[in-house]
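> Next up, protein.cif (mmCIF, C-alpha atoms).
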```cif
data_run
loop_
_atom_site.group_PDB
_atom_site.id
_atom_site.type_symbol
_atom_site.label_atom_id
_atom_site.label_comp_id
_atom_site.auth_asym_id
_atom_site.auth_seq_id
_atom_site.Cartn_x
_atom_site.Cartn_y
_atom_site.Cartn_z
ATOM 1 C CA MET A 1 -3.212 14.677 16.890
ATOM 2 C CA PRO A 2 -4.419 15.495 20.406
ATOM 3 C CA LYS A 3 -7.963 16.654 20.946
ATOM 4 C CA ASN A 4 -8.496 20.154 22.244
ATOM 5 C CA LYS A 5 -10.197 19.680 25.587
ATOM 6 C CA GLY A 6 -10.031 23.291 26.722
ATOM 7 C CA LYS A 7 -12.688 25.936 26.494
ATOM 8 C CA GLY A 8 -11.046 28.115 23.893
ATOM 9 C CA GLY A 9 -7.795 29.750 23.024
ATOM 10 C CA LYS A 10 -5.882 32.892 23.791
ATOM 11 C CA ASN A 11 -8.765 35.265 23.077
ATOM 12 C CA ARG A 12 -10.985 33.562 25.650
ATOM 13 C CA ARG A 13 -8.291 33.865 28.299
ATOM 14 C CA ARG A 14 -8.029 37.584 27.616
ATOM 15 C CA GLY A 15 -11.704 38.024 28.401
ATOM 16 C CA LYS A 16 -14.081 40.758 27.404
ATOM 17 C CA ASN A 17 -13.615 44.339 28.501
ATOM 18 C CA GLU A 18 -17.112 44.657 29.979
ATOM 19 C CA ASN A 19 -16.332 47.330 32.566
ATOM 20 C CA GLU A 20 -15.500 49.896 29.876
ATOM 21 C CA ASN A 21 -18.765 51.834 30.167
ATOM 22 C CA GLU A 22 -18.920 51.758 33.960
ATOM 23 C CA LYS A 23 -18.727 55.080 35.751
ATOM 24 C CA ARG A 24 -15.788 55.185 38.123
ATOM 25 C CA GLU A 25 -15.167 57.597 40.936
ATOM 26 C CA LEU A 26 -13.183 60.676 39.918
ATOM 27 C CA VAL A 27 -9.633 60.489 41.265
ATOM 28 C CA PHE A 28 -8.039 63.777 42.317
ATOM 29 C CA LYS A 29 -4.309 64.392 42.640
ATOM 30 C CA GLU A 30 -2.550 63.986 45.959
ATOM 31 C CA ASP A 31 0.823 65.282 47.086
ATOM 32 C CA GLY A 32 3.565 63.875 44.883
ATOM 33 C CA GLN A 33 1.194 63.682 41.904
ATOM 34 C CA GLU A 34 0.435 66.066 39.055
ATOM 35 C CA TYR A 35 -1.983 66.354 36.132
ATOM 36 C CA ALA A 36 -0.386 66.292 32.683
ATOM 37 C CA GLN A 37 -1.261 66.260 28.992
ATOM 38 C CA VAL A 38 0.467 63.837 26.641
ATOM 39 C CA THR A 39 2.474 65.656 23.975
ATOM 40 C CA LYS A 40 4.246 62.776 22.244
ATOM 41 C CA MET A 41 4.244 58.981 22.391
ATOM 42 C CA LEU A 42 7.807 57.668 22.376
ATOM 43 C CA GLY A 43 7.235 53.906 22.306
ATOM 44 C CA ASN A 44 8.526 51.211 24.676
ATOM 45 C CA GLY A 45 5.952 52.238 27.287
ATOM 46 C CA ARG A 46 7.201 55.818 27.438
ATOM 47 C CA LEU A 47 5.726 59.177 26.555
ATOM 48 C CA GLU A 48 6.479 62.860 26.806
ATOM 49 C CA ALA A 49 3.972 64.903 28.783
ATOM 50 C CA THR A 50 3.590 68.540 29.709
ATOM 51 C CA CYS A 51 2.579 68.786 33.344
ATOM 52 C CA PHE A 52 0.254 71.569 34.383
ATOM 53 C CA ASP A 53 2.883 72.876 36.796
ATOM 54 C CA GLY A 54 4.784 74.027 33.682
ATOM 55 C CA THR A 55 7.466 71.342 33.231
ATOM 56 C CA LYS A 56 7.918 68.767 30.471
ATOM 57 C CA ARG A 57 8.564 65.274 31.796
ATOM 58 C CA LEU A 58 9.481 61.887 30.379
ATOM 59 C CA CYS A 59 6.814 59.520 31.680
ATOM 60 C CA HIS A 60 6.813 55.749 32.006
ATOM 61 C CA ILE A 61 3.522 53.837 31.662
ATOM 62 C CA ARG A 62 3.242 51.416 34.562
ATOM 63 C CA GLY A 63 2.619 47.740 33.894
ATOM 64 C CA LYS A 64 -0.983 47.730 35.108
ATOM 65 C CA LEU A 65 -1.964 50.215 32.371
ATOM 66 C CA ARG A 66 0.465 49.126 29.683
ATOM 67 C CA LYS A 67 -1.645 46.762 27.550
ATOM 68 C CA LYS A 68 -5.057 47.462 29.037
ATOM 69 C CA VAL A 69 -5.400 51.261 28.742
ATOM 70 C CA TRP A 70 -4.428 52.867 25.456
ATOM 71 C CA ILE A 71 -2.933 56.333 25.818
ATOM 72 C CA ASN A 72 -2.794 58.736 22.855
ATOM 73 C CA GLY A 73 -1.415 62.203 22.256
ATOM 74 C CA GLY A 74 -3.521 64.928 23.872
ATOM 75 C CA ASP A 75 -4.914 62.716 26.653
ATOM 76 C CA ILE A 76 -5.095 64.016 30.215
ATOM 77 C CA ILE A 77 -3.209 61.748 32.636
ATOM 78 C CA LEU A 78 -2.281 61.653 36.303
ATOM 79 C CA VAL A 79 1.444 61.180 36.898
ATOM 80 C CA GLY A 80 3.345 60.317 40.029
ATOM 81 C CA LEU A 81 6.396 62.530 40.479
ATOM 82 C CA ARG A 82 9.730 61.019 41.460
ATOM 83 C CA ASP A 83 11.581 62.391 44.471
ATOM 84 C CA TYR A 84 15.002 61.705 42.995
ATOM 85 C CA GLN A 85 14.361 62.668 39.313
ATOM 86 C CA ASP A 86 12.415 65.823 38.533
ATOM 87 C CA GLY A 87 12.474 65.262 34.757
ATOM 88 C CA LYS A 88 10.802 61.841 34.951
ATOM 89 C CA ALA A 89 7.424 60.618 36.191
ATOM 90 C CA ASP A 90 5.197 57.530 36.181
ATOM 91 C CA VAL A 91 1.726 57.388 34.612
ATOM 92 C CA ILE A 92 -0.787 56.385 37.277
ATOM 93 C CA LEU A 93 -4.131 56.955 35.556
ATOM 94 C CA LYS A 94 -5.644 58.067 32.257
ATOM 95 C CA TYR A 95 -8.722 60.255 32.422
ATOM 96 C CA SER A 96 -11.521 59.841 29.898
ATOM 97 C CA SER A 97 -12.712 62.981 28.126
ATOM 98 C CA ASP A 98 -15.765 63.220 30.404
ATOM 99 C CA GLU A 99 -13.597 62.929 33.512
ATOM 100 C CA ALA A 100 -11.204 65.559 32.158
ATOM 101 C CA ARG A 101 -14.122 67.936 31.574
ATOM 102 C CA ASN A 102 -15.282 67.357 35.143
ATOM 103 C CA LEU A 103 -11.777 68.093 36.449
ATOM 104 C CA LYS A 104 -11.766 71.322 34.476
ATOM 105 C CA ALA A 105 -15.189 72.238 35.875
ATOM 106 C CA TYR A 106 -13.979 71.581 39.439
ATOM 107 C CA GLY A 107 -11.018 73.890 38.832
ATOM 108 C CA GLU A 108 -8.395 71.141 39.114
ATOM 109 C CA LEU A 109 -7.172 71.719 35.548
ATOM 110 C CA PRO A 110 -6.321 75.217 34.273
ATOM 111 C CA GLU A 111 -8.660 76.893 31.803
ATOM 112 C CA SER A 112 -5.920 76.786 29.158
ATOM 113 C CA ALA A 113 -6.025 72.967 29.107
ATOM 114 C CA LYS A 114 -7.302 71.662 25.788
ATOM 115 C CA ILE A 115 -9.318 68.476 26.170
ATOM 116 C CA ASN A 116 -9.746 66.086 23.217
ATOM 117 C CA GLU A 117 -7.180 67.862 21.065
ATOM 118 C CA ASP A 118 -3.974 66.287 19.767
ATOM 119 C CA THR A 119 -0.981 68.361 20.850
ATOM 120 C CA GLY A 120 1.585 66.356 18.934
ATOM 121 C CA GLU A 121 3.942 68.126 16.567
ATOM 122 C CA ASP A 122 3.282 65.730 13.692
ATOM 123 C CA ASN A 123 0.168 67.458 12.351
ATOM 124 C CA ASP A 124 0.208 67.482 8.545
ATOM 125 C CA ASP A 125 -2.567 70.039 8.072
ATOM 126 C CA ASN A 126 -0.471 72.987 6.844
ATOM 127 C CA ILE A 127 1.751 71.386 4.220
ATOM 128 C CA CYS A 128 2.759 73.619 1.309
ATOM 129 C CA PHE A 129 4.692 72.467 -1.733
ATOM 130 C CA ASP A 130 6.669 74.737 -4.040
ATOM 131 C CA GLU A 131 5.565 75.138 -7.662
ATOM 132 C CA CYS A 132 2.175 73.472 -7.479
ATOM 133 C CA ASP A 133 0.932 75.060 -10.735
ATOM 134 C CA VAL A 134 2.408 72.476 -13.135
ATOM 135 C CA ASP A 135 0.092 71.698 -16.078
ATOM 136 C CA ASP A 136 -0.471 68.250 -17.537
ATOM 137 C CA ASP A 137 0.620 69.552 -20.971
ATOM 138 C CA ASP A 138 4.132 70.274 -19.660
ATOM 139 C CA ILE A 139 4.464 66.687 -18.445
ATOM 140 C CA ASP A 140 3.608 65.286 -21.912
ATOM 141 C CA GLU A 141 6.294 67.425 -23.574
ATOM 142 C CA MET A 142 9.056 65.988 -21.365
#
```
Could you show the structure in this file as structure tokens?

Amino acid sequence: MPKNKGKGGKNRRRGKNENENEKRELVFKEDGQEYAQVTKMLGNGRLEATCFDGTKRLCHIRGKLRKKVWINGGDIILVGLRDYQDGKADVILKYSSDEARNLKAYGELPESAKINEDTGEDNDDNICFDECDVDDDDIDEM
């Protein structure tokens, strides 16, 4: 068997994500861009987002962000609008919760924007079942 002469395997090549805690400059929207909140993750690098201009758009996560930045439901993102398709957009940037709060403080985001809250429709908090008052004695009799 050949000797391994390298300096490690796949995990070494990936490297460590050391710049995670670094403060980066706050990026504001330009013309052709819009702030949005993720409503649903669709898979295959796509998501559904509600833009703060009032429209729902199907967004595509660009390759630079795809495996490096994890986007979840309820996150605030910056999307680039398409000239030829109004119902679709491209995700340019994901804001952290601190950056989203700063955007709200600067008046870039509307006051109705909920930061750090999941807006997905798959919340299981209010589940009610019919006939929950079944006793254990009834089960033994069956």
> Determine the nearest neighbour of A:Met41 from the options A:Gly74, A:Gly54, A:Asp83, A:Gly63, counting all atoms listed in the file.
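Of A:Gly74, A:Gly54, A:Asp83, A:Gly63, the one nearest A:Met41, counting all atoms listed in the file, is A:Gly74.
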> Around the point (-5.8, 72.2, 31.4) (coordinates from the file), which residues reach within 10 Å if we count all atoms listed in the file? Answer as an mmCIF file with C-alpha atoms, in the coordinates of the input.

```cif
data_model
loop_
_atom_site.group_PDB
_atom_site.id
_atom_site.type_symbol
_atom_site.label_atom_id
_atom_site.label_comp_id
_atom_site.auth_asym_id
_atom_site.auth_seq_id
_atom_site.Cartn_x
_atom_site.Cartn_y
_atom_site.Cartn_z
ATOM 1 C CA TYR A 35 -1.983 66.354 36.132
ATOM 2 C CA ALA A 36 -0.386 66.292 32.683
ATOM 3 C CA GLN A 37 -1.261 66.260 28.992
ATOM 4 C CA CYS A 51 2.579 68.786 33.344
ATOM 5 C CA PHE A 52 0.254 71.569 34.383
ATOM 6 C CA ILE A 76 -5.095 64.016 30.215
ATOM 7 C CA ALA A 100 -11.204 65.559 32.158
ATOM 8 C CA ARG A 101 -14.122 67.936 31.574
ATOM 9 C CA LEU A 103 -11.777 68.093 36.449
ATOM 10 C CA LYS A 104 -11.766 71.322 34.476
ATOM 11 C CA GLY A 107 -11.018 73.890 38.832
ATOM 12 C CA GLU A 108 -8.395 71.141 39.114
ATOM 13 C CA LEU A 109 -7.172 71.719 35.548
ATOM 14 C CA PRO A 110 -6.321 75.217 34.273
ATOM 15 C CA GLU A 111 -8.660 76.893 31.803
ATOM 16 C CA SER A 112 -5.920 76.786 29.158
ATOM 17 C CA ALA A 113 -6.025 72.967 29.107
ATOM 18 C CA LYS A 114 -7.302 71.662 25.788
ATOM 19 C CA ILE A 115 -9.318 68.476 26.170
#
```
> So which residues touch A:Leu26 within 8 Å, counting only C-alpha atoms, skipping near sequence neighbours fewer than 2 positions away, as a PyMOL selection string?
chain A and resi 24+28+99
> Atom CA of A:Thr50 and atom CA of A:Leu65 are how many Å apart?
19.3 Å
> Counting all atoms listed in the file, figure out which residue out of A:Lys23, A:Gln85, A:Lys64, A:Val91 gets nearest to A:Leu47.
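Selected residue with least distance to A:Leu47: A:Val91.
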> Given only C-alpha atoms as the basis, pick out the residue of A:Asp75, A:Asp90, A:Glu34, A:Asp98 nearest to A:Cys59.
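Closest residue, counting only C-alpha atoms: A:Asp90.
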> If we count all atoms listed in the file and set the cut-off at 10 Å, which residues sit around A:Glu48, ignoring sequence neighbours fewer than 4 positions away in its own chain? Please answer as a ChimeraX atom specification.
/A:36-42,56-60,73,88-89,120
> How many Å separate atom CA of A:Glu25 from atom CA of A:Gly43?
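According to the coordinates, atom CA of A:Glu25 and atom CA of A:Gly43 are separated by 29.4 Å.
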> Give the centre and edge lengths of an axis-aligned box, in Å to one decimal, that holds all listed atoms of stretch 53-70 of chain A with 6 Å on each side, as JSON.

```
{"center_x": 2.0, "center_y": 60.4, "center_z": 31.1, "size_x": 26.9, "size_y": 39.3, "size_z": 23.3}
```
> Do you have the atom CA of A:Asn102-atom CA of A:Lys68 distance handy?
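Between these atoms lies a distance of 23.2 Å.
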> Return the single residue from A:Lys67, A:Arg62, A:Arg46, A:Lys3 that is closest to A:Ile92, with distances computed using only C-alpha atoms.
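When distances to A:Ile92 are compared using only C-alpha atoms, the smallest one comes from A:Arg62.
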> Complete stretch 72-93 of chain A at the level of N, CA and C atoms, written as a CSV table (one decimal), in the coordinates of the input.

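Wrote it out as part.csv, contents follow:
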```
chain,number,residue,atom,x,y,z
A,72,ASN,N,-3.1,58.1,24.1
A,72,ASN,CA,-2.8,58.7,22.9
A,72,ASN,C,-2.3,60.2,23.1
A,73,GLY,N,-1.8,60.8,22.1
A,73,GLY,CA,-1.4,62.2,22.3
A,73,GLY,C,-2.6,63.1,22.6
A,74,GLY,N,-2.4,64.0,23.5
A,74,GLY,CA,-3.5,64.9,23.9
A,74,GLY,C,-4.4,64.5,25.0
A,75,ASP,N,-4.1,63.2,25.5
A,75,ASP,CA,-4.9,62.7,26.7
A,75,ASP,C,-4.5,63.4,27.9
A,76,ILE,N,-5.4,63.5,28.9
A,76,ILE,CA,-5.1,64.0,30.2
A,76,ILE,C,-4.8,62.8,31.1
A,77,ILE,N,-3.6,62.9,31.8
A,77,ILE,CA,-3.2,61.7,32.6
A,77,ILE,C,-2.8,62.3,34.0
A,78,LEU,N,-2.8,61.3,35.0
A,78,LEU,CA,-2.3,61.7,36.3
A,78,LEU,C,-0.9,61.0,36.4
A,79,VAL,N,0.1,61.7,36.8
A,79,VAL,CA,1.4,61.2,36.9
A,79,VAL,C,1.9,61.3,38.3
A,80,GLY,N,2.7,60.3,38.7
A,80,GLY,CA,3.3,60.3,40.0
A,80,GLY,C,4.8,60.8,39.9
A,81,LEU,N,5.1,61.9,40.6
A,81,LEU,CA,6.4,62.5,40.5
A,81,LEU,C,7.4,61.7,41.3
A,82,ARG,N,8.7,61.7,40.8
A,82,ARG,CA,9.7,61.0,41.5
A,82,ARG,C,10.5,62.0,42.4
A,83,ASP,N,10.8,61.5,43.5
A,83,ASP,CA,11.6,62.4,44.5
A,83,ASP,C,13.0,62.6,44.0
A,84,TYR,N,13.6,61.6,43.3
A,84,TYR,CA,15.0,61.7,43.0
A,84,TYR,C,15.2,62.2,41.6
A,85,GLN,N,14.2,62.2,40.7
A,85,GLN,CA,14.4,62.7,39.3
A,85,GLN,C,13.2,63.6,39.0
A,86,ASP,N,13.5,64.9,38.8
A,86,ASP,CA,12.4,65.8,38.5
A,86,ASP,C,12.0,65.7,37.1
A,87,GLY,N,12.8,65.3,36.2
A,87,GLY,CA,12.5,65.3,34.8
A,87,GLY,C,11.7,64.0,34.3
A,88,LYS,N,11.5,63.1,35.3
A,88,LYS,CA,10.8,61.8,35.0
A,88,LYS,C,9.6,61.6,35.9
A,89,ALA,N,8.6,60.9,35.4
A,89,ALA,CA,7.4,60.6,36.2
A,89,ALA,C,6.8,59.3,35.7
A,90,ASP,N,5.9,58.8,36.5
A,90,ASP,CA,5.2,57.5,36.2
A,90,ASP,C,3.7,57.8,36.0
A,91,VAL,N,3.1,57.2,34.9
A,91,VAL,CA,1.7,57.4,34.6
A,91,VAL,C,0.9,56.5,35.6
A,92,ILE,N,0.0,57.1,36.3
A,92,ILE,CA,-0.8,56.4,37.3
A,92,ILE,C,-2.2,56.1,36.7
A,93,LEU,N,-2.7,57.1,36.0
A,93,LEU,CA,-4.1,57.0,35.6
A,93,LEU,C,-4.4,57.8,34.3
```
